[in-house]
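What's in structure-v9.cif: mmCIF, C-alpha atoms and all ligand atoms
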```
data_entry
#
loop_
_atom_site.group_PDB
_atom_site.id
_atom_site.type_symbol
_atom_site.label_atom_id
_atom_site.label_comp_id
_atom_site.auth_asym_id
_atom_site.auth_seq_id
_atom_site.Cartn_x
_atom_site.Cartn_y
_atom_site.Cartn_z
ATOM 1 C CA MET A 181 -11.466 111.104 99.343
ATOM 2 C CA ASN A 182 -13.547 113.363 101.531
ATOM 3 C CA LYS A 183 -12.944 111.583 104.828
ATOM 4 C CA THR A 184 -10.946 112.681 107.853
ATOM 5 C CA ILE A 185 -8.104 110.299 108.576
ATOM 6 C CA GLY A 186 -6.798 110.290 112.141
ATOM 7 C CA PHE A 187 -3.542 108.824 113.440
ATOM 8 C CA ILE A 188 -3.004 108.128 117.107
ATOM 9 C CA GLY A 189 0.765 107.851 117.305
ATOM 10 C CA CYS A 190 2.856 109.472 114.647
ATOM 11 C CA GLY A 191 6.197 107.722 114.679
ATOM 12 C CA LYS A 192 8.198 106.148 111.891
ATOM 13 C CA MET A 193 5.435 103.977 110.450
ATOM 14 C CA ALA A 194 2.622 106.536 110.637
ATOM 15 C CA GLN A 195 4.887 109.163 109.055
ATOM 16 C CA ALA A 196 5.655 106.782 106.186
ATOM 17 C CA ILE A 197 1.938 106.125 105.626
ATOM 18 C CA ILE A 198 0.971 109.800 105.813
ATOM 19 C CA GLY A 199 3.831 110.773 103.509
ATOM 20 C CA GLY A 200 2.712 108.082 101.046
ATOM 21 C CA ILE A 201 -0.963 109.161 101.140
ATOM 22 C CA LEU A 202 -0.037 112.799 100.571
ATOM 23 C CA LYS A 203 2.385 112.000 97.739
ATOM 24 C CA ALA A 204 -0.392 110.058 96.009
ATOM 25 C CA GLU A 205 -2.702 113.078 96.475
ATOM 26 C CA LYS A 206 -5.385 110.687 97.669
ATOM 27 C CA VAL A 207 -6.326 112.901 100.591
ATOM 28 C CA SER A 208 -5.340 116.515 101.226
ATOM 29 C CA ALA A 209 -3.214 117.471 104.221
ATOM 30 C CA GLU A 210 -6.139 119.321 105.863
ATOM 31 C CA MET A 211 -8.036 116.019 106.103
ATOM 32 C CA ILE A 212 -5.347 114.316 108.197
ATOM 33 C CA ILE A 213 -4.822 114.814 111.930
ATOM 34 C CA ALA A 214 -2.314 113.036 114.158
ATOM 35 C CA SER A 215 -1.413 112.874 117.828
ATOM 36 C CA ALA A 216 1.951 112.003 119.353
ATOM 37 C CA LYS A 217 3.285 111.994 122.872
ATOM 38 C CA SER A 218 6.145 114.465 122.564
ATOM 39 C CA LYS A 219 6.084 118.059 121.471
ATOM 40 C CA ALA A 220 9.190 117.342 119.371
ATOM 41 C CA THR A 221 7.397 114.722 117.239
ATOM 42 C CA ARG A 222 4.295 116.884 116.881
ATOM 43 C CA ALA A 223 6.354 119.878 115.756
ATOM 44 C CA TYR A 224 8.440 117.744 113.363
ATOM 45 C CA VAL A 225 5.373 116.167 111.745
ATOM 46 C CA ASN A 226 3.557 119.465 111.533
ATOM 47 C CA GLU A 227 6.517 121.252 109.956
ATOM 48 C CA THR A 228 7.881 118.543 107.651
ATOM 49 C CA ILE A 229 4.692 116.725 106.580
ATOM 50 C CA GLY A 230 2.318 119.678 106.896
ATOM 51 C CA ILE A 231 -0.588 117.994 108.686
ATOM 52 C CA LYS A 232 -2.352 119.135 111.846
ATOM 53 C CA THR A 233 -0.990 117.602 115.050
ATOM 54 C CA THR A 234 -2.284 117.572 118.610
ATOM 55 C CA SER A 235 -1.397 116.206 122.029
ATOM 56 C CA SER A 236 -5.022 115.057 122.435
ATOM 57 C CA ASN A 237 -5.833 111.502 121.341
ATOM 58 C CA ILE A 238 -9.476 112.315 122.038
ATOM 59 C CA GLN A 239 -9.416 115.184 119.540
ATOM 60 C CA VAL A 240 -8.132 112.771 116.872
ATOM 61 C CA ALA A 241 -10.735 110.146 117.798
ATOM 62 C CA GLU A 242 -13.569 112.685 117.630
ATOM 63 C CA ALA A 243 -12.500 113.928 114.189
ATOM 64 C CA ALA A 244 -11.679 110.673 112.409
ATOM 65 C CA ASP A 245 -13.836 108.794 109.920
ATOM 66 C CA ILE A 246 -10.952 106.377 109.518
ATOM 67 C CA LEU A 247 -8.821 106.075 112.645
ATOM 68 C CA PHE A 248 -5.331 104.548 112.530
ATOM 69 C CA LEU A 249 -3.926 103.239 115.801
ATOM 70 C CA ALA A 250 -0.187 103.641 115.193
ATOM 71 C CA VAL A 251 1.217 103.282 118.687
ATOM 72 C CA LYS A 252 3.341 100.406 119.970
ATOM 73 C CA PRO A 253 1.444 97.229 120.850
ATOM 74 C CA ASN A 254 2.107 97.571 124.592
ATOM 75 C CA ILE A 255 0.155 100.850 124.884
ATOM 76 C CA HIS A 256 -2.618 99.922 122.473
ATOM 77 C CA GLN A 257 -5.001 98.947 125.263
ATOM 78 C CA ALA A 258 -4.391 102.137 127.292
ATOM 79 C CA VAL A 259 -4.942 104.323 124.230
ATOM 80 C CA ILE A 260 -8.205 102.549 123.404
ATOM 81 C CA SER A 261 -9.441 102.983 127.001
ATOM 82 C CA GLU A 262 -8.734 106.693 126.656
ATOM 83 C CA ILE A 263 -10.577 107.208 123.345
ATOM 84 C CA LYS A 264 -13.291 104.574 123.312
ATOM 85 C CA ASP A 265 -16.140 106.943 124.181
ATOM 86 C CA SER A 266 -15.063 109.622 121.706
ATOM 87 C CA LEU A 267 -15.410 107.811 118.375
ATOM 88 C CA LYS A 268 -17.781 108.649 115.553
ATOM 89 C CA GLN A 269 -20.527 106.040 115.320
ATOM 90 C CA GLU A 270 -19.465 104.660 111.907
ATOM 91 C CA VAL A 271 -15.697 105.059 112.313
ATOM 92 C CA ILE A 272 -13.431 102.424 110.798
ATOM 93 C CA VAL A 273 -10.601 101.628 113.226
ATOM 94 C CA VAL A 274 -7.381 100.406 111.606
ATOM 95 C CA THR A 275 -4.594 99.086 113.786
ATOM 96 C CA ILE A 276 -1.089 98.837 112.357
ATOM 97 C CA ALA A 277 0.330 97.324 115.542
ATOM 98 C CA ALA A 278 2.177 94.034 115.270
ATOM 99 C CA GLY A 279 0.524 91.197 117.146
ATOM 100 C CA ILE A 280 -2.732 93.019 117.975
ATOM 101 C CA SER A 281 -5.656 90.861 116.874
ATOM 102 C CA ILE A 282 -9.114 91.932 115.762
ATOM 103 C CA SER A 283 -10.532 90.481 118.986
ATOM 104 C CA ASP A 284 -7.952 92.422 121.085
ATOM 105 C CA LEU A 285 -9.241 95.520 119.306
ATOM 106 C CA THR A 286 -12.965 94.883 119.598
ATOM 107 C CA ASP A 287 -12.687 93.611 123.213
ATOM 108 C CA ALA A 288 -10.899 96.808 124.208
ATOM 109 C CA PHE A 289 -13.587 99.066 122.704
ATOM 110 C CA LEU A 290 -16.326 97.262 124.682
ATOM 111 C CA ARG A 291 -18.761 97.764 121.812
ATOM 112 C CA PRO A 292 -19.018 96.516 118.246
ATOM 113 C CA ILE A 293 -16.750 98.519 115.942
ATOM 114 C CA LYS A 294 -15.622 98.243 112.362
ATOM 115 C CA ALA A 295 -12.117 96.852 112.795
ATOM 116 C CA VAL A 296 -9.236 96.436 110.368
ATOM 117 C CA ARG A 297 -5.970 94.766 111.340
ATOM 118 C CA SER A 298 -3.106 95.738 109.064
ATOM 119 C CA MET A 299 0.610 95.220 108.645
ATOM 120 C CA PRO A 300 2.204 97.884 106.451
ATOM 121 C CA ASN A 301 5.907 98.651 105.926
ATOM 122 C CA THR A 302 8.031 101.791 105.751
ATOM 123 C CA PRO A 303 8.606 101.813 101.954
ATOM 124 C CA SER A 304 5.037 103.197 101.952
ATOM 125 C CA LEU A 305 6.762 106.580 102.198
ATOM 126 C CA VAL A 306 7.979 106.264 98.605
ATOM 127 C CA GLY A 307 4.811 104.641 97.256
ATOM 128 C CA GLU A 308 6.290 101.111 97.329
ATOM 129 C CA GLY A 309 4.674 99.824 100.490
ATOM 130 C CA MET A 310 3.421 96.286 101.017
ATOM 131 C CA SER A 311 0.453 96.000 103.351
ATOM 132 C CA ALA A 312 -1.625 93.042 104.473
ATOM 133 C CA LEU A 313 -5.147 93.534 105.868
ATOM 134 C CA CYS A 314 -7.903 91.569 107.495
ATOM 135 C CA ILE A 315 -11.288 92.813 108.682
ATOM 136 C CA ASN A 316 -14.136 91.937 110.993
ATOM 137 C CA GLU A 317 -17.723 91.238 109.976
ATOM 138 C CA LEU A 318 -18.900 94.824 110.541
ATOM 139 C CA VAL A 319 -16.667 96.173 107.783
ATOM 140 C CA THR A 320 -18.795 96.434 104.647
ATOM 141 C CA ASN A 321 -17.518 95.945 101.102
ATOM 142 C CA GLU A 322 -17.714 99.695 100.658
ATOM 143 C CA ASP A 323 -15.628 100.262 103.835
ATOM 144 C CA LEU A 324 -13.091 97.668 102.706
ATOM 145 C CA ASN A 325 -12.791 99.304 99.286
ATOM 146 C CA GLU A 326 -12.183 102.652 100.968
ATOM 147 C CA VAL A 327 -9.500 101.221 103.248
ATOM 148 C CA LYS A 328 -7.892 99.359 100.339
ATOM 149 C CA ALA A 329 -7.887 102.571 98.315
ATOM 150 C CA ILE A 330 -5.942 104.293 101.095
ATOM 151 C CA PHE A 331 -3.405 101.479 101.424
ATOM 152 C CA SER A 332 -3.033 101.070 97.679
ATOM 153 C CA SER A 333 -2.305 104.785 97.332
ATOM 154 C CA PHE A 334 1.116 104.067 98.859
ATOM 155 C CA GLY A 335 1.862 100.551 97.619
ATOM 156 C CA LYS A 336 0.456 97.098 97.165
ATOM 157 C CA VAL A 337 -2.185 95.580 99.411
ATOM 158 C CA GLU A 338 -3.324 92.011 100.041
ATOM 159 C CA VAL A 339 -6.334 90.933 102.079
ATOM 160 C CA VAL A 340 -5.461 87.792 104.061
ATOM 161 C CA ASN A 341 -7.080 85.521 106.592
ATOM 162 C CA GLU A 342 -6.345 86.715 110.127
ATOM 163 C CA HIS A 343 -4.581 83.476 111.110
ATOM 164 C CA LEU A 344 -1.720 84.535 108.770
ATOM 165 C CA MET A 345 -1.302 88.032 110.192
ATOM 166 C CA ASP A 346 1.364 87.121 112.782
ATOM 167 C CA SER A 347 3.522 85.739 109.958
ATOM 168 C CA ILE A 348 3.351 88.851 107.760
ATOM 169 C CA PRO A 349 5.803 91.092 109.664
ATOM 170 C CA ALA A 350 8.659 88.633 109.012
ATOM 171 C CA ILE A 351 7.936 88.644 105.252
ATOM 172 C CA SER A 352 7.117 92.267 104.522
ATOM 173 C CA GLY A 353 6.665 94.403 107.669
ATOM 174 C CA SER A 354 10.123 93.830 109.152
ATOM 175 C CA SER A 355 11.951 92.569 106.075
ATOM 176 C CA PRO A 356 12.954 96.025 104.790
ATOM 177 C CA ALA A 357 15.376 96.033 107.761
ATOM 178 C CA TYR A 358 17.089 92.877 106.534
ATOM 179 C CA VAL A 359 17.086 94.137 102.956
ATOM 180 C CA TYR A 360 18.857 97.326 104.109
ATOM 181 C CA MET A 361 21.431 95.113 105.857
ATOM 182 C CA PHE A 362 21.923 93.204 102.603
ATOM 183 C CA ILE A 363 22.348 96.466 100.669
ATOM 184 C CA GLU A 364 24.852 97.694 103.263
ATOM 185 C CA ALA A 365 26.778 94.437 103.011
ATOM 186 C CA LEU A 366 26.840 94.585 99.198
ATOM 187 C CA ALA A 367 28.110 98.153 99.352
ATOM 188 C CA ASP A 368 30.755 97.254 101.953
ATOM 189 C CA GLY A 369 31.950 94.432 99.714
ATOM 190 C CA GLY A 370 32.292 96.919 96.846
ATOM 191 C CA VAL A 371 34.053 99.482 99.033
ATOM 192 C CA LYS A 372 36.498 96.763 100.073
ATOM 193 C CA ASP A 373 37.478 96.495 96.403
ATOM 194 C CA GLY A 374 37.767 100.271 96.016
ATOM 195 C CA VAL A 375 34.319 101.261 94.693
ATOM 196 C CA PRO A 376 33.428 104.732 96.067
ATOM 197 C CA ARG A 377 30.828 104.325 98.837
ATOM 198 C CA GLU A 378 28.103 106.504 97.301
ATOM 199 C CA GLN A 379 28.344 104.635 93.996
ATOM 200 C CA ALA A 380 28.382 101.324 95.876
ATOM 201 C CA TYR A 381 25.081 102.166 97.679
ATOM 202 C CA LYS A 382 23.468 103.253 94.428
ATOM 203 C CA MET A 383 24.571 100.102 92.587
ATOM 204 C CA ALA A 384 23.561 97.780 95.421
ATOM 205 C CA ALA A 385 20.140 99.418 95.932
ATOM 206 C CA GLN A 386 19.378 99.515 92.202
ATOM 207 C CA ALA A 387 20.352 95.831 91.848
ATOM 208 C CA VAL A 388 17.907 94.937 94.663
ATOM 209 C CA LEU A 389 15.164 97.123 93.154
ATOM 210 C CA GLY A 390 15.729 95.638 89.687
ATOM 211 C CA ALA A 391 15.779 92.059 90.955
ATOM 212 C CA ALA A 392 12.530 92.648 92.895
ATOM 213 C CA LYS A 393 10.901 94.119 89.785
ATOM 214 C CA MET A 394 12.004 91.101 87.746
ATOM 215 C CA VAL A 395 10.204 88.788 90.195
ATOM 216 C CA LEU A 396 7.057 90.937 90.151
ATOM 217 C CA GLU A 397 6.942 91.743 86.447
ATOM 218 C CA THR A 398 8.240 88.631 84.636
ATOM 219 C CA GLY A 399 6.258 86.190 86.774
ATOM 220 C CA LYS A 400 9.276 83.855 86.613
ATOM 221 C CA HIS A 401 10.270 81.773 89.624
ATOM 222 C CA PRO A 402 13.090 83.479 91.590
ATOM 223 C CA GLY A 403 15.185 80.313 91.101
ATOM 224 C CA GLU A 404 14.876 80.602 87.317
ATOM 225 C CA LEU A 405 15.902 84.268 87.446
ATOM 226 C CA LYS A 406 18.886 83.313 89.630
ATOM 227 C CA ASP A 407 19.878 80.610 87.101
ATOM 228 C CA GLU A 408 19.815 83.196 84.295
ATOM 229 C CA VAL A 409 22.499 85.211 86.129
ATOM 230 C CA CYS A 410 24.734 82.206 86.749
ATOM 231 C CA THR A 411 26.812 81.827 83.584
ATOM 232 C CA PRO A 412 28.035 78.204 83.487
ATOM 233 C CA GLY A 413 31.565 78.068 84.865
ATOM 234 C CA GLY A 414 31.286 81.812 85.611
ATOM 235 C CA ALA A 415 31.691 84.009 88.638
ATOM 236 C CA THR A 416 28.111 84.222 89.970
ATOM 237 C CA ILE A 417 27.810 80.504 90.693
ATOM 238 C CA GLU A 418 30.962 80.826 92.833
ATOM 239 C CA ALA A 419 29.171 83.487 94.929
ATOM 240 C CA VAL A 420 25.992 81.396 95.065
ATOM 241 C CA GLY A 421 27.981 78.353 96.226
ATOM 242 C CA GLU A 422 29.623 80.376 98.990
ATOM 243 C CA LEU A 423 26.274 81.818 100.127
ATOM 244 C CA GLU A 424 24.848 78.302 100.365
ATOM 245 C CA LYS A 425 27.942 77.167 102.306
ATOM 246 C CA GLN A 426 27.475 80.067 104.744
ATOM 247 C CA GLY A 427 23.800 79.218 105.288
ATOM 248 C CA PHE A 428 22.379 82.351 103.648
ATOM 249 C CA ARG A 429 18.859 80.999 103.085
ATOM 250 C CA SER A 430 18.638 79.180 106.390
ATOM 251 C CA ALA A 431 19.850 82.326 108.184
ATOM 252 C CA VAL A 432 16.974 84.269 106.595
ATOM 253 C CA ILE A 433 14.413 81.598 107.460
ATOM 254 C CA SER A 434 15.673 81.333 111.077
ATOM 255 C CA ALA A 435 15.587 85.110 111.420
ATOM 256 C CA MET A 436 11.976 85.085 110.236
ATOM 257 C CA GLU A 437 11.109 82.387 112.784
ATOM 258 C CA GLN A 438 12.570 84.604 115.537
ATOM 259 C CA CYS A 439 10.615 87.579 114.246
ATOM 260 C CA THR A 440 7.310 85.674 114.218
ATOM 261 C CA ALA A 441 7.972 84.185 117.673
ATOM 262 C CA LYS A 442 8.448 87.712 119.026
ATOM 263 C CA ILE A 443 5.275 88.971 117.324
ATOM 264 C CA LYS A 444 3.300 86.209 119.034
ATOM 265 C CA ASN A 445 4.706 87.407 122.379
ATOM 266 C CA LEU A 446 4.397 91.154 121.995
HETATM 267 N N1 LIG A 501 8.301 100.777 111.989
HETATM 268 C C1 LIG A 501 7.819 99.879 111.113
HETATM 269 O O1 LIG A 501 8.459 99.559 110.092
HETATM 270 C C2 LIG A 501 6.469 99.238 111.350
HETATM 271 C C3 LIG A 501 5.761 99.446 112.523
HETATM 272 N N2 LIG A 501 4.525 98.871 112.697
HETATM 273 C C4 LIG A 501 3.764 99.128 113.919
HETATM 274 O O2 LIG A 501 3.569 100.518 114.027
HETATM 275 C C5 LIG A 501 3.436 100.880 115.394
HETATM 276 C C6 LIG A 501 4.339 102.071 115.658
HETATM 277 O O3 LIG A 501 5.665 101.678 115.382
HETATM 278 P P1 LIG A 501 6.769 102.745 114.988
HETATM 279 O O4 LIG A 501 6.161 103.817 114.150
HETATM 280 O O5 LIG A 501 7.925 101.979 114.502
HETATM 281 O O6 LIG A 501 7.117 103.308 116.454
HETATM 282 P P2 LIG A 501 7.489 104.776 116.894
HETATM 283 O O7 LIG A 501 8.069 104.656 118.270
HETATM 284 O O8 LIG A 501 8.303 105.457 115.840
HETATM 285 O O9 LIG A 501 6.071 105.510 116.985
HETATM 286 C C7 LIG A 501 5.184 105.389 118.066
HETATM 287 C C8 LIG A 501 4.403 106.677 118.150
HETATM 288 O O10 LIG A 501 3.459 106.582 119.209
HETATM 289 C C9 LIG A 501 3.471 107.823 119.922
HETATM 290 N N3 LIG A 501 2.930 107.610 121.266
HETATM 291 C C10 LIG A 501 3.508 107.025 122.348
HETATM 292 N N4 LIG A 501 2.649 107.029 123.387
HETATM 293 C C11 LIG A 501 1.514 107.649 122.952
HETATM 294 C C12 LIG A 501 0.272 107.963 123.550
HETATM 295 N N5 LIG A 501 -0.006 107.640 124.814
HETATM 296 N N6 LIG A 501 -0.647 108.592 122.803
HETATM 297 C C13 LIG A 501 -0.413 108.918 121.488
HETATM 298 N N7 LIG A 501 0.760 108.641 120.870
HETATM 299 C C14 LIG A 501 1.702 108.021 121.598
HETATM 300 C C15 LIG A 501 4.918 108.224 119.927
HETATM 301 O O11 LIG A 501 5.038 109.597 120.228
HETATM 302 P P3 LIG A 501 6.503 110.274 120.334
HETATM 303 O O12 LIG A 501 7.028 110.296 118.915
HETATM 304 O O13 LIG A 501 6.241 111.624 120.849
HETATM 305 O O14 LIG A 501 7.309 109.391 121.225
HETATM 306 C C16 LIG A 501 5.281 107.905 118.471
HETATM 307 O O15 LIG A 501 4.916 108.974 117.639
HETATM 308 C C17 LIG A 501 3.799 99.651 116.222
HETATM 309 O O16 LIG A 501 2.637 99.098 116.755
HETATM 310 C C18 LIG A 501 4.449 98.707 115.220
HETATM 311 O O17 LIG A 501 4.168 97.357 115.507
HETATM 312 C C19 LIG A 501 3.936 98.107 111.725
HETATM 313 C C20 LIG A 501 4.593 97.876 110.554
HETATM 314 C C21 LIG A 501 5.927 98.374 110.285
HETATM 315 O O1 LIG A 502 9.748 95.862 114.822
HETATM 316 C C1 LIG A 502 8.521 95.818 114.987
HETATM 317 O O2 LIG A 502 8.003 95.264 115.972
HETATM 318 C C2 LIG A 502 7.614 96.431 113.936
HETATM 319 C C3 LIG A 502 6.684 95.419 113.322
HETATM 320 C C4 LIG A 502 7.071 95.327 111.872
HETATM 321 C C5 LIG A 502 8.147 96.300 111.730
HETATM 322 N N1 LIG A 502 8.397 96.913 112.833
#
```

Let me see the file written as structure tokens.
Amino acid sequence: MNKTIGFIGCGKMAQAIIGGILKAEKVSAEMIIASAKSKATRAYVNETIGIKTTSSNIQVAEAADILFLAVKPNIHQAVISEIKDSLKQEVIVVTIAAGISISDLTDAFLRPIKAVRSMPNTPSLVGEGMSALCINELVTNEDLNEVKAIFSSFGKVEVVNEHLMDSIPAISGSSPAYVYMFIEALADGGVKDGVPREQAYKMAAQAVLGAAKMVLETGKHPGELKDEVCTPGGATIEAVGELEKQGFRSAVISAMEQCTAKIKNL
């Protein structure tokens, strides 16, 4: 792709996206430019990821054909005020910020812009991201295909109606955090029984990866796949019974409700 991709903000999520794009060889490092607040982040990104970095958000805005806003939601508005007069005419602006709506974006620019609201996740770094997108009416089919090509270079992408966007972080944007907690807990349980910690992490992570692939590749209902593991009268159903007793599923659903409530208030 022969487009300059700009990132304003280059923290954990932007680094995962840039790493994913570069690994997929979709865009070369010279075509990506990012700004960050601290010298430490700029030096780290420049040295470890190999892209150009700058302290000037305006420099990024002036260069970008596709401009990612990858700062926290609470400074989104200030960053847009700073760059709004420096954009290329046909730029596509992509926010990754949780809770920032298309109308928040377009209102802040004070002129019609091509706007994409997205919710990616950090597994983008290893090419296994899950991103949801929605667009405004100025984004053409060609623009959308270009944006989808970028997101699909580092994982899967779904276009959704904007009214669902506040619910996506709980499912796929934030959920890697809970999955890591689950992997840690599985490993701790193994360590408790004497399994060496490194082996326990590998076994737990591979079991999660394999189970996820089974859902995606067999097309079977997760409940059916669970039933296939539960040998009648065996050990797994004992674990399943205990998880139900401890409120495993309702804990996950309540956690997601908290996550979505926070997104709506960011
Ligand atoms: N982390 C995740 O898993 C996900 C995050 N998001 C969204 O991504 C966005 C960033 O989150 P995350 O990467 O976790 O946060 P980070 O704190 O890691 O990154 C924020 C970045 O913004 C930079 N920054 C701060 N102020 C400015 C400024 N005035 N101008 C330019 N850059 C600035 C920071 O610079 P410095 O490093 O120097 O402080 C940092 O690089 C958020 O809106 C979040 O909702 C979306 C999906 C998943
Ligand atoms: O914690 C957050 O607010 C962001 C949104 C999704 C993941 N991280």

Site check for ligand LIG 502 (chain A): residues at most 6 Å away, all atoms listed in the file, as a ChimeraX atom specification: /A:278,349,353-354

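Counting all atoms listed in the file and comparing A:Ser283, A:Ser298, A:Ser208, A:Gln426, the residue that lies closest to ligand LIG 501 (chain A) is A:Ser298.
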
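If you measure from each of A:Asp373, A:Glu437, A:Glu227, A:Glu262 to ligand LIG 501 (chain A) using only C-alpha atoms and all ligand atoms, the closest one turns out to be A:Glu262.
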
Counting only C-alpha atoms and all ligand atoms, give me one row per residue of chain A with an atom at most 7 Å from an atom of ligand LIG 501 (chain A), showing the shortest contact pair and its distance in Å to one decimal, sorted by chain then residue number, as CSV.
```
residue,atom,partner,partner_atom,distance
A:Ile188,CA,A:LIG501,C13,5.2
A:Gly189,CA,A:LIG501,O10,3.5
A:Cys190,CA,A:LIG501,O15,3.7
A:Gly191,CA,A:LIG501,O9,3.2
A:Lys192,CA,A:LIG501,O4,3.8
A:Met193,CA,A:LIG501,O4,3.8
A:Ala194,CA,A:LIG501,O4,5.7
A:Ser215,CA,A:LIG501,C13,5.5
A:Ala216,CA,A:LIG501,N7,3.9
A:Lys217,CA,A:LIG501,O13,3.6
A:Ser218,CA,A:LIG501,O13,3.3
A:Lys219,CA,A:LIG501,O13,6.5
A:Ala220,CA,A:LIG501,O13,6.6
A:Thr221,CA,A:LIG501,O12,4.7
A:Arg222,CA,A:LIG501,O13,6.9
A:Asn237,CA,A:LIG501,C13,6.0
A:Ala250,CA,A:LIG501,C5,4.6
A:Val251,CA,A:LIG501,O10,4.0
A:Lys252,CA,A:LIG501,O16,3.5
A:Pro253,CA,A:LIG501,O16,4.7
A:Ile255,CA,A:LIG501,N5,6.8
A:Val259,CA,A:LIG501,N5,6.0
A:Ile276,CA,A:LIG501,C4,5.1
A:Ala277,CA,A:LIG501,O16,3.2
A:Ala278,CA,A:LIG501,O17,3.9
A:Met299,CA,A:LIG501,C20,5.2
A:Pro300,CA,A:LIG501,C20,4.7
A:Asn301,CA,A:LIG501,C21,4.4
A:Thr302,CA,A:LIG501,O1,4.9
A:Pro349,CA,A:LIG501,C20,6.9
A:Gly353,CA,A:LIG501,C21,4.8
A:Ser354,CA,A:LIG501,O1,6.0
```

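The gap separating CA of Gln257 (chain A) from CA of Tyr224 (chain A) is 26.0 Å, in Å to one decimal.
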
Hits from the PyMOL selection byres (((chain A and resi 239-245) around 7) and not hetatm), listed as an MDAnalysis selection string: chainID A and resid 183:188 213:215 236:238 246:247 263 266:268 271:272

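Closest approach to Ile330 (chain A) among A:Ile280, A:Ile433, A:Met361, A:Ala204 is made by A:Ala204 (distances from all atoms listed in the file).
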
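Counting from CA of Ser311 (chain A), the distance to CA of Phe334 (chain A) is 9.3 Å.
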
Hits from the PyMOL selection byres (((chain A and resi 314-326) around 12) and not hetatm), listed as a PyMOL selection string: chain A and resi 181-183+185+206-207+245-246+270-276+280-286+291-300+311-313+327-333+337-346+348

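Picture a line from CA of Ser235 (chain A) to CA of Ala223 (chain A); it runs 10.6 Å.
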
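Candidate residues A:Ala385, A:Met310, A:Ala350, A:Leu423 were compared for distance to Cys439 (chain A), and the nearest is A:Ala350, using only C-alpha atoms.
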
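With distances taken over all atoms listed in the file, A:Gly307 is the one residue among A:Pro376, A:Gly307, A:Gly399, A:Gly369 lying closest to Lys336 (chain A).
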
Restore N, CA and C atoms in region 223-236 of chain A and list the result as a PDB file, keeping the file's coordinate frame.
```pdb
ATOM      1  N   ALA A 223       5.818 118.729 116.512  1.00  0.00           N
ATOM      2  CA  ALA A 223       6.354 119.878 115.756  1.00  0.00           C
ATOM      3  C   ALA A 223       7.000 119.384 114.458  1.00  0.00           C
ATOM      4  N   TYR A 224       7.753 118.285 114.544  1.00  0.00           N
ATOM      5  CA  TYR A 224       8.440 117.744 113.363  1.00  0.00           C
ATOM      6  C   TYR A 224       7.422 117.357 112.281  1.00  0.00           C
ATOM      7  N   VAL A 225       6.376 116.642 112.709  1.00  0.00           N
ATOM      8  CA  VAL A 225       5.373 116.167 111.745  1.00  0.00           C
ATOM      9  C   VAL A 225       4.617 117.352 111.141  1.00  0.00           C
ATOM     10  N   ASN A 226       4.279 118.292 112.000  1.00  0.00           N
ATOM     11  CA  ASN A 226       3.557 119.465 111.533  1.00  0.00           C
ATOM     12  C   ASN A 226       4.398 120.254 110.517  1.00  0.00           C
ATOM     13  N   GLU A 227       5.667 120.432 110.835  1.00  0.00           N
ATOM     14  CA  GLU A 227       6.517 121.252 109.956  1.00  0.00           C
ATOM     15  C   GLU A 227       6.960 120.515 108.700  1.00  0.00           C
ATOM     16  N   THR A 228       7.316 119.227 108.825  1.00  0.00           N
ATOM     17  CA  THR A 228       7.881 118.543 107.651  1.00  0.00           C
ATOM     18  C   THR A 228       6.802 117.903 106.773  1.00  0.00           C
ATOM     19  N   ILE A 229       5.715 117.407 107.393  1.00  0.00           N
ATOM     20  CA  ILE A 229       4.692 116.725 106.580  1.00  0.00           C
ATOM     21  C   ILE A 229       3.529 117.670 106.292  1.00  0.00           C
ATOM     22  N   GLY A 230       3.333 118.652 107.176  1.00  0.00           N
ATOM     23  CA  GLY A 230       2.318 119.678 106.896  1.00  0.00           C
ATOM     24  C   GLY A 230       0.904 119.301 107.298  1.00  0.00           C
ATOM     25  N   ILE A 231       0.764 118.319 108.208  1.00  0.00           N
ATOM     26  CA  ILE A 231      -0.588 117.994 108.686  1.00  0.00           C
ATOM     27  C   ILE A 231      -0.783 118.579 110.083  1.00  0.00           C
ATOM     28  N   LYS A 232      -2.049 118.628 110.512  1.00  0.00           N
ATOM     29  CA  LYS A 232      -2.352 119.135 111.846  1.00  0.00           C
ATOM     30  C   LYS A 232      -1.957 118.080 112.887  1.00  0.00           C
ATOM     31  N   THR A 233      -1.325 118.542 113.972  1.00  0.00           N
ATOM     32  CA  THR A 233      -0.990 117.602 115.050  1.00  0.00           C
ATOM     33  C   THR A 233      -1.550 118.129 116.370  1.00  0.00           C
ATOM     34  N   THR A 234      -1.718 117.219 117.306  1.00  0.00           N
ATOM     35  CA  THR A 234      -2.284 117.572 118.610  1.00  0.00           C
ATOM     36  C   THR A 234      -1.721 116.635 119.679  1.00  0.00           C
ATOM     37  N   SER A 235      -1.792 117.099 120.919  1.00  0.00           N
ATOM     38  CA  SER A 235      -1.397 116.206 122.029  1.00  0.00           C
ATOM     39  C   SER A 235      -2.606 115.372 122.482  1.00  0.00           C
ATOM     40  N   SER A 236      -3.798 115.695 121.939  1.00  0.00           N
ATOM     41  CA  SER A 236      -5.022 115.057 122.435  1.00  0.00           C
ATOM     42  C   SER A 236      -5.460 113.885 121.544  1.00  0.00           C
TER      43      SER A 236
END
```
